[in-house]
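Participant: I'd like to ask some things about the structure below.
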Amino acid sequence: MASLLQELLSPQLVAVGYVFVGFIVALYVLSVVYTFIDAKRRGAEPFWVWGIVSLIPFIGLLVYVVLRPNSYIADREEQMLDMALREHQLNEYGACPNCGTTIEKDFVVCPVCNTQVRNVCPSCHRPLDAHWKVCPYCRTHIQ
Ligand SMILES: [Zn+2]
Ligand SMILES: [Zn+2]
């Protein structure tokens with residue numbers, strides 16, 4: 001029995017065992033480092049991420065992958081910027097015929113050169129397009 005154990009624990013096998021253990025440890029350290037960097041990029045709370053990943057090796061990483069936020073912070077900021085830009089474009093109506101300043105959809109005069117760019121309803125004072133015959137807000141007929 002003792003000889004069998006000795007045979008099993010040959011120096012080669014012990015070396016393989018050390019390499020295997022070292023590999024697992026390296027993998028574990030890498031998973032913790034990866035999770036920490038990833039959590040930071042996604043804006044997740046780093047302390048609970050650290051907790052689960054370092055207390056429960058590998059399974060903690062799986063739990064993190066399931067629970068982590070879907071997008072990176074940078075992506076989310078880009079999306080918000082995109083939405084703000086689109087909203088702004090919707091608000092734009094055109095350009096001032098006199099000076100080219102951007103006119104937003106509820107502007108009546110150009111804010112730069114005071115040129116009248118739209119009509120105003122005589123009844124409710126809302127801005128109207130030049131070709132509108134009836135105010136869409138209060139039904140007043142426009143001459
Ligand atoms: Zn102008
Ligand atoms: Zn009106």
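Identifiers in this document derive from the order of the structure tokens: chains are assigned A, B, ..., residues are numbered from 1 separately in each chain, and ligands are numbered from 1 in order of occurrence.
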Go through chain A and flag each residue having an atom no more than 7 Å from ligand 2; for those, report the closest pair of atoms plus their distance in Å to one decimal, using only C-alpha atoms and all ligand atoms, ordered by chain and rising number, as CSV.
Facilitator:
residue,atom,partner,partner_atom_place_in_ligand_line,distance
A:Cys121,CA,ligand 2,1 (Zn),4.6
A:Pro122,CA,ligand 2,1 (Zn),6.6
A:Ser123,CA,ligand 2,1 (Zn),5.0
A:Cys124,CA,ligand 2,1 (Zn),4.1
A:His125,CA,ligand 2,1 (Zn),6.1
A:Arg126,CA,ligand 2,1 (Zn),5.9
A:Cys135,CA,ligand 2,1 (Zn),4.6
A:Pro136,CA,ligand 2,1 (Zn),6.6
A:Tyr137,CA,ligand 2,1 (Zn),5.0
A:Cys138,CA,ligand 2,1 (Zn),4.2
A:Arg139,CA,ligand 2,1 (Zn),6.1
A:Thr140,CA,ligand 2,1 (Zn),5.5
Participant: Check which residues fall inside 8 Å of ligand 1 when counting only C-alpha atoms and all ligand atoms, and print them as a compact mmCIF listing (two decimals) with C-alpha atoms, in the first residue's frame.
Facilitator:
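Result saved to out28.txt:
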# COMPACT_ATOMS: atom_id res chain seq x y z
CA ALA A 95 -33.08 78.43 -39.90
CA CYS A 96 -33.67 82.17 -39.81
CA PRO A 97 -34.02 83.41 -43.43
CA ASN A 98 -32.10 86.55 -42.50
CA CYS A 99 -29.10 85.34 -40.48
CA GLY A 100 -29.28 81.54 -40.52
CA THR A 101 -29.69 81.07 -36.77
CA VAL A 109 -38.91 85.67 -33.96
CA CYS A 110 -35.24 84.97 -34.57
CA PRO A 111 -33.46 85.38 -31.21
CA VAL A 112 -30.44 86.93 -32.93
CA CYS A 113 -31.78 89.43 -35.45
CA ASN A 114 -35.41 89.80 -34.34
CA THR A 115 -36.79 88.77 -37.77
Participant: Find the residues around Arg41 of chain A up to 7 Å (only C-alpha atoms counted), leave out those fewer than 2 positions away in its own chain, and share them as a ChimeraX atom specification.
Facilitator: /A:37-39,43,72-73
Participant: Name the residues of segment 72-120 of chain A that come out as helix (DSSP H, G or I) in a backbone DSSP run; write them as a list of chain:residue names.
Facilitator: A:Ile73, A:Ala74, A:Asp75, A:Arg76, A:Glu77, A:Glu78, A:Gln79, A:Met80, A:Leu81, A:Asp82, A:Met83, A:Ala84, A:Leu85, A:Arg86, A:Glu87, A:His88, A:Gln89, A:Leu90, A:Asn91
Participant: May I ask which of the residues A:Thr102, A:Gln79, A:Gln116, A:Ser31 is the closest one to Gly60 of chain A, counting only C-alpha atoms?
Facilitator: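 For Gly60 of chain A, the nearest of the candidates is A:Ser31.
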Participant: Using Å and a single decimal, report how far atom CA of Phe58 of chain A sits from atom CA of Phe36 of chain A.
Facilitator: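 One can read the atom CA of Phe36 of chain A to atom CA of Phe58 of chain A distance as 13.7 Å.
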Participant: DSSP on the backbone, strand (DSSP E) only: what residues of segment 19-110 of chain A does that give? Format it as a ChimeraX atom specification.
Facilitator: /A:92-95,102-104
Participant: Rounded to one decimal place, report the atom CA of Val32 of chain A-atom CA of Val63 of chain A distance in Å.
Facilitator: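 Here the two named atoms are 12.5 Å from each other.
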Participant: Choose the residue, out of A:Asn70, A:Ser10, A:Thr35, A:Gln89, that has the smallest atom-to-atom separation from Gly51 of chain A; count only C-alpha atoms.
Facilitator: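 The shortest atom-to-atom distance to Gly51 of chain A comes from A:Thr35.
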Participant: Would you compute the distance between atom CA of Leu9 of chain A and atom CA of Pro57 of chain A? Give it in Å to one decimal.
Facilitator: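 Atom CA of Pro57 of chain A lies 27.4 Å from atom CA of Leu9 of chain A.
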